[in-house]
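Please read the structure below before turning to the comments.
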Amino acid sequence: MVSASTELWIIDKSQSSIKFNVKVLIGKDVKGEFKNFEGYVKINTNNSILHKSNVSVYTDNIIINYKKFNQLLKGPLFFETSKHKKAILLTKEFIINTDNSAHTQSILNIKDNIKMIDIPFNYKLESEDAIFVDGKFSFNRSDFNIGTGFWSSQLILKNKVNMEINLVLKKQ
């Protein structure tokens with residue numbers, strides 16, 4: 001339920017992207033994108049901190065620049081999409097600054113592994129009903145059991161996953 005003091009903003013998937021990059025020892029870095037996601041942001045107009053967001057990323061719609069490994073990512077060694085359909089990023093509060101920057105401590109849930117992560121981001125009010133949001137953050141794939149067995153080694157496939165979000169939010 002949205003109260004009079006709350007604004008609801010929905011992610012416009014057609015204009016948004018969620019991308020990632022993982023360094024490798026030899027060869028090109030693994031670069032990828034999640035093609036299916038959804039989410040919203042609730043802005044509390046009476047409080048500068050008590051804002052919420054919820055973003056779901058469907059892990060079975062991942063694509064990477066190493067096409068021969070696309071199916072491997074969906075299997076039990078990485079995302080195990082048959083059991084874990086989505087990753088969830090949940091924010092219960094974040095601080096919006098006057099310089100069009102913001103910061104949040106968010107809960108990231110991947111494969112039932114939960115960690116708190118810091119996410120700095122920038123925003124731009126494009127119109128009364130559209131906001132652009134962009135941010136970069138990282139997490140360790142080992143914290144979420146992404147890449148097990150042979151792929152757990154950080155010698156070839158590095159542990160740090162660099163995320164880049166570019167979202168367009170539409171006011172409801």
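Each chain in the structure tokens gets a letter, A, B and so on, in the order shown; residues start at 1 in every chain, and ligands are counted from 1 in the order they appear.
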For the strand (DSSP E) assignment from backbone DSSP, which residues of range 18-79 of chain A qualify? Please present them as number ranges by chain. A: 18-24, 30-34, 37-44, 52-58, 62-64
If we count only C-alpha atoms and set the cut-off at 12 Å, which residues sit around Ser127 in chain A, ignoring sequence neighbours fewer than 6 positions away in its own chain? Please answer as a CSV table (one decimal) with N, CA, C and O atoms, in the first residue's frame.
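Written file, out-v2.csv:
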```
chain,number,residue,atom,x,y,z
A,168,VAL,N,16.1,3.5,-15.3
A,168,VAL,CA,15.1,4.5,-15.5
A,168,VAL,C,13.9,4.1,-14.6
A,168,VAL,O,13.4,3.0,-14.8
A,169,LEU,N,13.5,5.0,-13.7
A,169,LEU,CA,12.4,4.8,-12.9
A,169,LEU,C,11.2,5.7,-13.3
A,169,LEU,O,11.4,6.9,-13.6
A,170,LYS,N,10.1,5.1,-13.4
A,170,LYS,CA,8.9,5.8,-13.9
A,170,LYS,C,7.9,5.9,-12.7
A,170,LYS,O,7.6,4.9,-12.0
A,171,LYS,N,7.4,7.1,-12.4
A,171,LYS,CA,6.5,7.4,-11.3
A,171,LYS,C,5.1,6.7,-11.6
A,171,LYS,O,4.6,6.9,-12.7
```
Tell me which protein, DNA and RNA residues are within 9 Å of Met116 in chain A, counting only C-alpha atoms, leaving out same-chain ones fewer than 2 positions away, and put them as an MDAnalysis selection string. chainID A and resid 105:109 114 118
Nearest to Lys136 in chain A by atom-to-atom distance, counting only C-alpha atoms, from A:Ile165, A:Ile88, A:Ile63, A:Val30: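 The closest residue to Lys136 in chain A is A:Ile165.
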Residues within 9 Å of Lys42 in chain A, only C-alpha atoms, excluding chain neighbours under 6 positions, as a VMD selection string: chain A and resid 2 6 to 10 50 to 54
Quick one: residues within 7 Å of Ile146 in chain A, only C-alpha atoms counted, chain neighbours fewer than 2 positions away excluded, as number ranges by chain? A: 77-79, 141-142, 144, 148
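With distances restricted to only C-alpha atoms, A:Lys23 is the closest residue to Gln154 in chain A from A:Lys23, A:Lys86, A:Lys28, A:Lys124.
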Would you pick out the contacts of Glu33 in chain A at 7 Å or less, using only C-alpha atoms, so that residues sharing its chain but fewer than 6 positions from it are not included, and give the list as a PyMOL selection string? chain A and resi 18-20+62-64
Calculated over only C-alpha atoms, which of the candidates A:Gln15, A:Thr59, A:Asn44, A:Asn166 has the smallest distance to Phe121 in chain A?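 Selected residue with least distance to Phe121 in chain A: A:Asn166.
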Got a sec to tell me which of chain A DSSP assigns to alpha helix (DSSP H), as a ChimeraX atom specification? /A:70-74
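Each of A:Ser5, A:Ser14, A:Ser82, A:Asn70 was checked against Ser48 in chain A using only C-alpha atoms; the smallest atom-to-atom distance is that of A:Ser5.
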Taking only C-alpha atoms into account, which of A:Val22, A:Ile110, A:Ile117, A:Val57 comes nearest Lys158 in chain A?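 Residue with the minimum atom-to-atom distance to Lys158 in chain A: A:Val22.
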Residue with the minimum atom-to-atom distance to Phe132 in chain A, picked from A:Asn159, A:Ser16, A:Thr104, A:Thr91 with only C-alpha atoms counted, is A:Ser16
